[in-house]
>>> print(open('structure-v9.cif').read())   # mmCIF, C-alpha atoms
data_final
#
loop_
_atom_site.label_atom_id
_atom_site.label_comp_id
_atom_site.auth_asym_id
_atom_site.auth_seq_id
_atom_site.Cartn_x
_atom_site.Cartn_y
_atom_site.Cartn_z
CA MET A 1 106.44 76.80 107.22
CA GLY A 2 109.91 78.34 107.34
CA PHE A 3 108.92 81.96 106.81
CA GLU A 4 109.42 85.00 109.00
CA PHE A 5 106.16 86.84 109.52
CA GLU A 6 104.36 89.47 111.54
CA ILE A 7 100.77 89.09 112.72
CA MET A 8 98.56 92.16 112.34
CA SER A 9 94.99 92.48 113.53
CA ILE A 10 92.33 94.84 112.23
CA ASP A 11 88.58 94.49 112.80
CA VAL A 12 86.86 93.60 109.54
CA ASP A 13 83.15 93.28 108.80
CA GLU A 14 82.80 89.59 107.92
CA SER A 15 79.40 89.92 106.26
CA TYR A 16 78.88 88.63 102.73
CA PRO A 17 76.19 88.80 100.05
CA LYS A 18 73.39 86.34 100.91
CA HIS A 19 73.22 85.11 97.29
CA LEU A 20 76.88 84.01 97.37
CA PRO A 21 77.27 80.20 97.17
CA SER A 22 78.37 78.84 100.56
CA LEU A 23 81.60 77.36 99.15
CA GLU A 24 82.66 80.88 98.01
CA VAL A 25 82.03 82.75 101.27
CA ALA A 26 85.39 82.13 103.00
CA GLU A 27 87.39 83.29 99.97
CA TYR A 28 85.15 86.36 99.62
CA ILE A 29 85.80 87.30 103.27
CA SER A 30 89.56 86.66 102.95
CA LYS A 31 89.64 89.14 100.01
CA LYS A 32 87.59 91.62 102.06
CA LYS A 33 90.17 91.33 104.85
CA ALA A 34 92.99 91.92 102.37
CA GLU A 35 91.32 95.15 101.21
CA GLN A 36 91.46 96.44 104.80
CA TYR A 37 95.23 95.85 104.95
CA THR A 38 96.15 97.21 101.50
CA GLU A 39 97.61 100.44 102.89
CA HIS A 40 99.97 98.41 105.11
CA ILE A 41 101.59 96.48 102.24
CA LYS A 42 105.14 97.68 101.59
CA PRO A 43 107.23 96.89 98.50
CA GLY A 44 108.93 93.52 98.94
CA THR A 45 106.38 92.24 101.47
CA THR A 46 103.57 89.77 101.07
CA LEU A 47 100.22 89.91 102.85
CA ILE A 48 98.26 86.75 103.64
CA THR A 49 94.67 86.91 104.87
CA ALA A 50 92.36 83.98 105.55
CA ASP A 51 88.89 83.11 106.76
CA SER A 52 87.19 79.82 107.55
CA VAL A 53 83.56 78.77 107.60
CA VAL A 54 81.83 75.59 108.65
CA ILE A 55 79.05 74.45 106.34
CA LEU A 56 76.40 72.06 107.64
CA GLY A 57 74.11 71.12 104.78
CA GLU A 58 73.53 74.53 103.16
CA LYS A 59 73.86 76.51 106.40
CA ILE A 60 77.03 78.45 107.20
CA LEU A 61 78.13 78.27 110.82
CA GLY A 62 80.49 81.18 111.35
CA LYS A 63 81.79 82.35 114.70
CA PRO A 64 78.95 82.05 117.22
CA LYS A 65 77.66 85.35 118.62
CA ASP A 66 77.20 83.95 122.15
CA MET A 67 77.44 80.76 124.21
CA GLY A 68 73.83 79.87 123.43
CA GLN A 69 74.55 79.87 119.71
CA ALA A 70 77.81 77.96 120.31
CA LYS A 71 75.79 75.27 122.11
CA GLU A 72 73.30 75.13 119.19
CA TYR A 73 76.15 74.76 116.70
CA LEU A 74 77.76 71.89 118.59
CA GLU A 75 74.41 70.14 119.03
CA SER A 76 73.72 70.42 115.30
CA LEU A 77 77.17 69.05 114.39
CA SER A 78 76.81 65.97 116.64
CA ASP A 79 76.83 62.58 114.89
CA THR A 80 76.98 64.01 111.36
CA PHE A 81 79.46 65.46 108.89
CA HIS A 82 80.16 69.01 107.81
CA VAL A 83 82.52 70.85 105.48
CA VAL A 84 85.19 73.34 106.49
CA VAL A 85 86.20 75.86 103.84
CA THR A 86 89.15 78.20 104.30
CA GLY A 87 89.64 81.03 101.85
CA VAL A 88 93.11 82.55 101.50
CA CYS A 89 94.19 85.76 99.77
CA ILE A 90 97.85 86.52 99.00
CA CYS A 91 98.76 90.11 98.06
CA SER A 92 101.75 92.24 97.26
CA VAL A 93 101.97 95.76 95.92
CA GLU A 94 101.97 94.28 92.39
CA LYS A 95 99.39 91.48 92.47
CA GLN A 96 96.80 89.41 94.32
CA ILE A 97 95.71 85.77 94.14
CA SER A 98 93.18 83.83 96.17
CA PHE A 99 92.02 80.25 96.61
CA SER A 100 89.93 78.03 98.87
CA ASP A 101 90.51 74.63 100.41
CA VAL A 102 87.73 72.26 101.45
CA SER A 103 87.81 69.49 104.06
CA LYS A 104 85.07 67.17 105.26
CA VAL A 105 84.75 66.41 108.99
CA PHE A 106 82.80 63.46 110.42
CA LEU A 107 81.81 63.75 114.08
CA ASN A 108 80.83 61.16 116.63
CA PRO A 109 77.82 61.81 118.87
CA ILE A 110 78.36 64.62 121.39
CA SER A 111 76.49 64.43 124.70
CA ASP A 112 75.05 67.44 126.52
CA GLU A 113 77.68 66.92 129.23
CA GLU A 114 80.50 66.97 126.67
CA ILE A 115 79.13 70.13 125.06
CA HIS A 116 78.90 71.79 128.48
CA PHE A 117 82.48 70.70 129.29
CA TYR A 118 83.78 72.11 126.01
CA LEU A 119 81.93 75.42 126.37
CA GLU A 120 83.16 75.86 129.95
CA ASN A 121 86.81 74.99 129.28
CA TYR A 122 87.57 76.30 125.79
CA LYS A 123 86.90 79.41 123.70
CA PRO A 124 84.22 78.56 121.13
CA LEU A 125 83.24 82.16 120.31
CA ASP A 126 86.31 82.87 118.16
CA LYS A 127 85.99 79.74 116.02
CA ALA A 128 83.84 78.97 113.00
CA GLY A 129 81.40 76.25 113.99
CA ALA A 130 82.27 76.86 117.67
CA TYR A 131 85.10 74.32 117.88
CA GLY A 132 88.82 73.92 117.34
CA ILE A 133 90.09 70.66 115.86
CA GLN A 134 93.39 71.14 117.74
CA GLU A 135 91.60 71.17 121.12
CA TRP A 136 89.76 68.62 123.28
CA PHE A 137 86.87 68.60 120.81
CA GLY A 138 89.02 67.54 117.88
CA HIS A 139 90.97 64.99 119.87
CA ASN A 140 87.85 63.29 121.22
CA LYS A 141 84.83 63.85 118.97
CA ILE A 142 86.11 63.66 115.40
CA GLU A 143 85.66 60.26 113.80
CA LYS A 144 87.60 61.08 110.62
CA ILE A 145 88.47 63.85 108.20
CA GLU A 146 88.78 63.97 104.44
CA GLY A 147 91.18 66.69 103.37
CA SER A 148 93.68 68.89 105.12
CA TYR A 149 93.94 68.98 108.92
CA THR A 150 95.57 72.42 108.78
CA ASN A 151 92.68 73.67 106.66
CA ILE A 152 90.31 72.72 109.46
CA MET A 153 92.59 74.59 111.89
CA GLY A 154 92.12 77.68 109.72
CA LEU A 155 95.06 77.84 107.32
CA PRO A 156 95.72 75.17 104.65
CA THR A 157 99.49 75.34 104.96
CA GLY A 158 100.36 72.84 102.20
CA LYS A 159 98.27 74.66 99.63
CA LEU A 160 99.47 78.03 100.95
CA TYR A 161 103.12 76.99 100.68
CA ASP A 162 102.67 75.94 97.05
CA ALA A 163 100.81 79.18 96.27
CA LEU A 164 103.56 81.28 97.90
CA MET A 165 106.25 79.45 95.92
CA SER A 166 104.53 80.34 92.64
CA PHE A 167 103.54 83.85 93.80
#
>>> encode(input="structure-v9.cif", output="structure tokens")
Amino acid sequence: MGFEFEIMSIDVDESYPKHLPSLEVAEYISKKKAEQYTEHIKPGTTLITADSVVILGEKILGKPKDMGQAKEYLESLSDTFHVVVTGVCICSVEKQISFSDVSKVFLNPISDEEIHFYLENYKPLDKAGAYGIQEWFGHNKIEKIEGSYTNIMGLPTGKLYDALMSF
């Protein structure tokens, strides 16, 4: 995107209120992450935090807790469509803004053998919905997308760029 940046990592509880509408969860968690970094913001710097969720129907598929759940997620996503929502929070010492981006992903059928291959050769446990669009799964099982590819990767860079320019 043409910016110099530093990546920081702090463990954050990614829980959210159960009554929260599913389309608002990712933005809620991105704000929660920003709160954990507040003490690290220095004058003249900008903090960006983000979180993504996969929504299948009304169910949120976050990061799977184990390979069994990753397998269940991939089976449930087979031959259907789901929504990927990424929430982004931008902060400085003076202010904070946040937004979400939504993309729709249509998947082809996924066989048991393909699921096994993906689970054995990639890292599904650190990805919402147990897959990465930029990996084998995305190259071979996605029929089409509506919305931003980078949003599905976890950071809607076009929308983020515009937000940073007005920030």
>>> resolve_selection(input="structure-v9.cif", expression="the PyMOL selection byres ((chain A and resi 100-106) around 10)", output="count of residues only")
50
>>> atom_distance(input="structure-v9.cif", atom1="atom CA of A:Tyr131", atom2="atom CA of A:Met1")
24.0 Å
>>> resolve_selection(input="structure-v9.cif", expression="the PyMOL selection byres ((chain A and resi 120-126) around 7)", output="PyMOL selection string")
chain A and resi 63-66+70+116-119+127-128+130-131
>>> residues_around(input="structure-v9.cif", residues="A:Lys33", least_positions_apart="4", cutoff="7 Å", atoms="all atoms listed in the file", output="ChimeraX atom specification")
/A:12,29,37,49
>>> write_last_selection(input="structure-v9.cif", atoms="C-alpha atoms", output="short mmCIF file (atom, residue, chain, number, x, y, z; two decimals), in the frame of the given file")
data_model
loop_
_atom_site.label_atom_id
_atom_site.label_comp_id
_atom_site.auth_asym_id
_atom_site.auth_seq_id
_atom_site.Cartn_x
_atom_site.Cartn_y
_atom_site.Cartn_z
CA VAL A 12 86.86 93.60 109.54
CA ILE A 29 85.80 87.30 103.27
CA TYR A 37 95.23 95.85 104.95
CA THR A 49 94.67 86.91 104.87
#
>>> atom_distance(input="structure-v9.cif", atom1="atom CA of A:Thr38", atom2="atom CA of A:Met165")
21.2 Å
>>> closest_residue(input="structure-v9.cif", among="A:Asn140, A:Ser76, A:Thr157, A:Gln96", to="A:Lys31", atoms="all atoms listed in the file")
A:Gln96
>>> closest_residue(input="structure-v9.cif", among="A:Gly132, A:Pro43, A:Gly68, A:Gly62", to="A:Glu94", atoms="all atoms listed in the file")
A:Pro43
>>> closest_residue(input="structure-v9.cif", among="A:Met8, A:Ile60, A:Ile90, A:Leu74", to="A:Lys32", atoms="all atoms listed in the file")
A:Ile90
>>> residues_around(input="structure-v9.cif", residues="A:Glu39", least_positions_apart="5", cutoff="12 Å", atoms="only C-alpha atoms", output="list in words")
Lys33, Ala34, Leu47, Cys91, Ser92 and Val93 of chain A
>>> axis_aligned_box(input="structure-v9.cif", around="stretch 26-35 of chain A", padding_each_side="8 Å", output="JSON")
{"center_x": 89.1, "center_y": 88.6, "center_z": 102.2, "size_x": 23.8, "size_y": 29.0, "size_z": 21.2}
>>> atom_distance(input="structure-v9.cif", atom1="atom CA of A:Ser9", atom2="atom CA of A:Phe167")
23.2 Å
>>> closest_residue(input="structure-v9.cif", among="A:Leu20, A:Met153, A:Ile41, A:Ile48", to="A:Ile7", atoms="only C-alpha atoms")
A:Ile48
